[in-house]
Amino acid sequence: MRAMRKRVIGLGLLLVVGLCLFTPYNNFKLLASPVGGNQFPVLALAFLLLLLPLPIRWLTRTEKLTLWSMALLASGIPGSGMMRTFIPNIPAPAYFSTSTNDWERKVWGTMPEWLKMPDTEAAKAFFNGYPRGLEHVPWSAWFLPLLAWGAFALCFFVLTFCVAALLRKQWIESERFAFPLVQLPLLLTEPKSHLLRSPALWMGAGLALVLHGLNGFHKLYPSLPELTTTIHAMDFFTEPPFNQIGPLQLSLFPLAVGIGFLLSGEVGLSLWLFFVLFKLQCLIAGYQNWDQPASLSGFSFRLFYSLQAFGGALALVGWILWGARQHLRTTLETDTLLRRAFYGALTGIVLWEWAAGIPPALILASLLMIFLALITVSWATCQAGVLFMAMPFTTFDVLGPLLGMNAVAPPTLYTLYRAEYGFVYNTRELLLPGLLGGARVASETGLSPRKFFGIAGLTLAVAVFVAGFALIRLPYLSGGTAAFESWTFRTGPQIPLQLAASAASSPLRPSVSNLWHVLGGFVVVAGLLFCRVRFGMGLHPIGFLTAPVYGLHMAWFSVLLGWLAKTLLLRLGGMGAYSLALPFFLGLILGDALSAVFWVIMGVLTGIAYQVLPA
């Protein structure tokens, strides 16, 4: 068994290396359907499907699911889980600063030298490339900033593992979270499973394959017909107050329909209903001609909802920690290694931010935001299968409207925001939900938590090293990033610079009225949680926290369809009808995953991208 484990882990690490080398090329240069991009990476499922026919004497169920978990954890690192924001932000200040915007003087010029890229020419060549024939990677220019920002990354990932270890037993064994995103891999690998022989499964998969087949080949051959999968409702609402609703689209994603079917009825109802209520707030504000400023950091569509979500997250995390207080206390007292790692990671983050010039009050605010993001995103993903969720608020969104930023220097704001921006806010593939999902799978197969977290740590270390190498190397040897994905290499790296510069030229001023939004969000979420525990009724608060998130703006209608199908089947036919229909909706998930894999391959072969999952 020891030899078998070594062989399996070696195979998994080879998969991780290949995944991390291929993802930057596929996602950012080819602009093909993302390999990751969300909490349900399609290549991980595809790899599991390839392993299913292997007999148990070659690979046991535990080993197959361990390989799937390794691919799950590694898929996010080359993309939005880290490198998509981590690497381009290192050379961005030197490249995007001009005499017109004066960002060097306003924002980053007085930052500690160890946080900057010392070679300006190397920074500019990352975006523009070197002259033909002189392409090379200036590794020496990257050594110091990678070491500096990598220290923060190390502390953050150690903290993530510690939080996963603390929450694992509470969420998996005590509260028995649903973990919708791991249900299909578990069902596919069940002993003597007949799921793949189900006609209903392949009917659902076939529908998704036909849908994406027609639309994908339409990209290649425009004369072929295309099926409309998205309706932009705002095309019909052009007059006030309806034009104040903001982006509103009805999109069909078979995978999201399938996940909506897997969710409990109250969670599915909450997701789409609170989204509708959020839009109703915008409509009422437009009708009353109230001011609706945009979110300062761009992660939510309205500032008022960023503040409401912050209040709601405070209530949720407080409720979770209070309910698990005995478990958390016992775990930290009895597990010496975990206790030392947890407090060591916290100390490392505090010391790093202090050395970077961040004052103690903002360090405390930063720690609060990190914990709110880790727990809220993971809770939403593990409970409701939210495909990707960026936090609807940042430090800017909260401290600016409530306390103002007049006394904080722009370089300090830039450093703080950039550290948070790359790890907890602008991420669709936060590591913690994947760790908890993998731990849920390990609990099903009998793999001990300590062994699972050890394998996960090794996977992360290899993924970070290989993905960083690949993403730094790719632009230098491809003539720059002009034809690469624009958000990653143009729009995204400028956001922290723009926010800090705007705070310098127009300092944020506090407003007492904004406090009411925070209090309102706190009361709503706390009230919903209390009603569920005390009276066993009420809407699930998960929808309130996800309503303004971009991922739900994309998928809310598909979740509504899945919820509606499940509700009708249970009402009309009971559990028998639900059980008969379940393979069909699992097939929708499988069909979307297979379609994404097919169009990733077609993107490599043709150079033409087709997006299967929400982009």
# chains A, B, ... in the order shown; residues from 1 in each chain; ligands from 1
>>> select_by_dssp(residues="segment 386-560 of chain A", states="alpha helix (DSSP H)", output="ChimeraX atom specification")
/A:395-403,410-420,431-445,449-476,486,492-505,513-534,542-546,550-560
>>> select_by_dssp(residues="segment 149-308 of chain A", states="strand (DSSP E or B)", output="PDB file with N, CA and C atoms, in the first residue's frame")
ATOM      1  N   THR A 230     -28.629  33.447 -23.825  1.00  0.00           N
ATOM      2  CA  THR A 230     -28.634  34.597 -22.919  1.00  0.00           C
ATOM      3  C   THR A 230     -29.546  35.685 -23.466  1.00  0.00           C
ATOM      4  N   ILE A 231     -30.404  36.210 -22.622  1.00  0.00           N
ATOM      5  CA  ILE A 231     -31.250  37.351 -22.947  1.00  0.00           C
ATOM      6  C   ILE A 231     -30.880  38.487 -22.003  1.00  0.00           C
ATOM      7  N   HIS A 232     -30.479  39.607 -22.549  1.00  0.00           N
ATOM      8  CA  HIS A 232     -30.134  40.775 -21.738  1.00  0.00           C
ATOM      9  C   HIS A 232     -31.404  41.609 -21.540  1.00  0.00           C
ATOM     10  N   GLN A 249     -29.494  39.670 -16.719  1.00  0.00           N
ATOM     11  CA  GLN A 249     -29.501  38.745 -17.845  1.00  0.00           C
ATOM     12  C   GLN A 249     -30.068  37.400 -17.429  1.00  0.00           C
ATOM     13  N   LEU A 250     -30.736  36.763 -18.386  1.00  0.00           N
ATOM     14  CA  LEU A 250     -31.307  35.438 -18.196  1.00  0.00           C
ATOM     15  C   LEU A 250     -30.475  34.481 -19.036  1.00  0.00           C
ATOM     16  N   SER A 251     -29.606  33.720 -18.377  1.00  0.00           N
ATOM     17  CA  SER A 251     -28.660  32.853 -19.078  1.00  0.00           C
ATOM     18  C   SER A 251     -28.938  31.396 -18.742  1.00  0.00           C
TER      19      SER A 251
END
>>> residues_around(residues="Ala442 of chain A", least_positions_apart="6", cutoff="8 Å", atoms="only C-alpha atoms", output="PyMOL selection string")
chain A and resi 62+65-66+448-449+452
>>> write_last_selection(atoms="C-alpha atoms", output="CSV table (one decimal), in the first residue's frame")
chain,number,residue,atom,x,y,z
A,62,THR,CA,-9.9,6.4,-2.6
A,65,LEU,CA,-10.8,10.5,-5.8
A,66,THR,CA,-7.5,11.6,-4.3
A,448,SER,CA,-7.5,10.4,7.2
A,449,PRO,CA,-7.6,14.2,7.4
A,452,PHE,CA,-5.3,14.4,3.0
>>> residues_around(residues="Met203 of chain A", least_positions_apart="5", cutoff="12 Å", atoms="only C-alpha atoms", output="PyMOL selection string")
chain A and resi 196-198+208-210+581-591
>>> atom_distance(atom1="atom CA of Pro541 of chain A", atom2="atom CA of Val524 of chain A")
8.1 Å
>>> closest_atom_pairs(of="segment 265-364 of chain A", to="segment 236-239 of chain A", cutoff="12 Å", atoms="only C-alpha atoms", output="CSV")
residue,atom,partner,partner_atom,distance
A:Leu283,CA,A:Phe237,CA,11.1
A:Gly286,CA,A:Glu239,CA,10.7
A:Tyr287,CA,A:Glu239,CA,11.0
>>> write_last_selection(atoms="N, CA and C atoms", output="PDB file, in the first residue's frame")
ATOM      1  N   LEU A 283     -34.613  49.168  -8.204  1.00  0.00           N
ATOM      2  CA  LEU A 283     -35.761  49.773  -8.887  1.00  0.00           C
ATOM      3  C   LEU A 283     -36.436  50.814  -7.999  1.00  0.00           C
ATOM      4  N   GLY A 286     -34.324  53.865  -7.839  1.00  0.00           N
ATOM      5  CA  GLY A 286     -34.447  54.627  -9.078  1.00  0.00           C
ATOM      6  C   GLY A 286     -35.757  55.386  -9.154  1.00  0.00           C
ATOM      7  N   TYR A 287     -36.838  54.756  -8.695  1.00  0.00           N
ATOM      8  CA  TYR A 287     -38.150  55.407  -8.710  1.00  0.00           C
ATOM      9  C   TYR A 287     -38.171  56.612  -7.780  1.00  0.00           C
TER      10      TYR A 287
END
>>> residues_around(residues="segment 380-397 of chain A", least_positions_apart="6", cutoff="6 Å", atoms="only C-alpha atoms", output="list in words")
Asn38, Gln39, Phe177, Ala178, Phe179, Pro180, Leu181, Leu296, Phe299, Ser300, Ser306, Tyr425, Asn426, Thr427, Arg428, Val549 and Gly551 of chain A
>>> atom_distance(atom1="atom CA of Leu195 of chain A", atom2="atom CA of Phe40 of chain A")
19.6 Å
>>> residues_around(residues="segment 28-35 of chain A", least_positions_apart="5", cutoff="8 Å", atoms="only C-alpha atoms", output="list in words")
Thr23, Pro41, Val42, Leu43, Ser75, Ala483, Phe484, Glu485, Thr488, Ala596, Val597, Trp599, Val600, Gly603, Val604, Gly607, Ile608, Ala609, Tyr610, Gln611, Val612 and Leu613 of chain A
>>> residues_around(residues="Leu220 of chain A", least_positions_apart="3", cutoff="9 Å", atoms="only C-alpha atoms", output="PDB file with C-alpha atoms, in the first residue's frame")
ATOM      1  CA  GLY A 216     -19.247  26.235 -30.631  1.00  0.00           C
ATOM      2  CA  PHE A 217     -19.206  25.243 -34.282  1.00  0.00           C
ATOM      3  CA  LEU A 224     -24.202  27.347 -38.995  1.00  0.00           C
ATOM      4  CA  THR A 606      -7.973  26.034 -34.055  1.00  0.00           C
ATOM      5  CA  ILE A 608     -10.720  30.033 -31.750  1.00  0.00           C
TER       6      ILE A 608
END
>>> atom_distance(atom1="atom CA of Gly213 of chain A", atom2="atom CA of Phe253 of chain A")
13.8 Å
